[in-house]
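Engineer: Sending over a structure as structure tokens; questions will come in a sec.
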Amino acid sequence: PARVRALEVLAEGERTVGELQPLVGIESSHLSQQLGVLRHAGLVSTRKEGSSVVYSLRDQRVAELLAVAKQLLLASLTQTRDLLADLTSEVHAG
């Protein structure tokens, strides 16, 4: 979840760990570790700006992929919720 959230934030624009930390909501050391995983996977790139490291998405298609995945998940959750509502109303009606 932290890596997905970091990618979502980076889809809005490049950020340093300090800027990402409150938006992702995990400790800076853990966030740096997760960003390292994303960098190693080729999903984010880095550049130095003074003493800071600035992270950005390596390819904007990652943002598109995240958006589509979120839509699919929400559609699935909506279907499940509707099914549960139908089952609950059947139980209460019977």
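Please note that chains go A, B, ... in the order of the structure tokens, that every chain numbers its residues from 1, and that ligands are numbered from 1 in the order shown.
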Using only C-alpha atoms, determine which residues lie at most 12 Å from segment 69-85 of chain A, disregarding the query and same-chain residues fewer than 6 positions distant; provide the list as a VMD selection string.
Structural biologist: chain A and resid 4 to 5 8 62 to 63 91 to 92
Engineer: Find the residues near Ser32 of chain A: any atom within 10 Å, counting only C-alpha atoms, skip ones fewer than 4 places away on the same chain, and give them as a list in words.
Structural biologist: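 Answer for this query is Thr16, Val17, Gly18, Leu20, Gln21, Ile26, Glu27, Ser28, Gly36, Val37 and Leu38 of chain A.
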Engineer: Produce a file of the selected residues containing N, CA, C and O atoms, as a CSV table (one decimal), in the first residue's frame.
Structural biologist:
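Once written, part-v8.csv looks like this:
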```csv
chain,number,residue,atom,x,y,z
A,16,THR,N,10.5,15.2,-3.1
A,16,THR,CA,11.6,14.6,-2.3
A,16,THR,C,10.9,13.7,-1.2
A,16,THR,O,9.7,13.7,-1.1
A,17,VAL,N,11.8,12.9,-0.5
A,17,VAL,CA,11.3,12.1,0.5
A,17,VAL,C,10.5,12.9,1.6
A,17,VAL,O,9.4,12.5,2.1
A,18,GLY,N,11.1,14.1,1.9
A,18,GLY,CA,10.4,15.0,2.9
A,18,GLY,C,9.1,15.4,2.5
A,18,GLY,O,8.2,15.6,3.3
A,20,LEU,N,7.2,13.7,0.2
A,20,LEU,CA,6.3,12.5,0.1
A,20,LEU,C,5.8,12.0,1.5
A,20,LEU,O,4.7,11.5,1.6
A,21,GLN,N,6.7,12.1,2.5
A,21,GLN,CA,6.4,11.5,3.8
A,21,GLN,C,5.1,11.8,4.4
A,21,GLN,O,4.3,10.9,4.7
A,26,ILE,N,4.0,7.2,6.1
A,26,ILE,CA,4.9,6.3,6.8
A,26,ILE,C,6.2,7.0,7.2
A,26,ILE,O,6.5,8.1,6.6
A,27,GLU,N,7.0,6.4,8.1
A,27,GLU,CA,8.2,7.0,8.5
A,27,GLU,C,9.2,7.2,7.3
A,27,GLU,O,9.2,6.4,6.4
A,28,SER,N,10.0,8.2,7.4
A,28,SER,CA,10.9,8.6,6.3
A,28,SER,C,11.8,7.4,5.9
A,28,SER,O,12.1,7.1,4.7
A,36,GLY,N,13.3,2.9,-2.8
A,36,GLY,CA,14.4,2.1,-3.4
A,36,GLY,C,13.9,0.9,-4.1
A,36,GLY,O,14.4,0.5,-5.2
A,37,VAL,N,12.9,0.2,-3.6
A,37,VAL,CA,12.3,-0.9,-4.2
A,37,VAL,C,11.7,-0.5,-5.6
A,37,VAL,O,11.9,-1.1,-6.6
A,38,LEU,N,11.0,0.7,-5.6
A,38,LEU,CA,10.4,1.2,-6.8
A,38,LEU,C,11.4,1.6,-7.8
A,38,LEU,O,11.2,1.4,-9.0
```
Engineer: For Glu12 of chain A, please output as a PyMOL selection string all residues within 10 Å (counting only C-alpha atoms; exclusion window: fewer than 3 positions along the same chain).
Structural biologist: chain A and resi 7-9+15+56-57+60+63
Engineer: DSSP says helix (DSSP H, G or I) for which residues of chain A? Put them as JSON, numbers by chain?
Structural biologist: {"A": [2, 3, 4, 5, 6, 7, 8, 9, 10, 11, 17, 18, 19, 20, 21, 22, 23, 24, 28, 29, 30, 31, 32, 33, 34, 35, 36, 37, 38, 39, 40, 61, 62, 63, 64, 65, 66, 67, 68, 69, 70, 71, 72, 73, 74, 75, 76, 77, 78, 79, 80, 81, 82, 83, 84, 85, 86, 87, 88, 89, 90, 91, 92, 93]}
Engineer: Would you mind telling me which residue in A:Ser52, A:Ser89, A:Ala6, A:Val24 lies nearest to Arg39 of chain A when using only C-alpha atoms?
Structural biologist: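 Looking only at the distances to Arg39 of chain A, the closest residue turns out to be A:Ala6.
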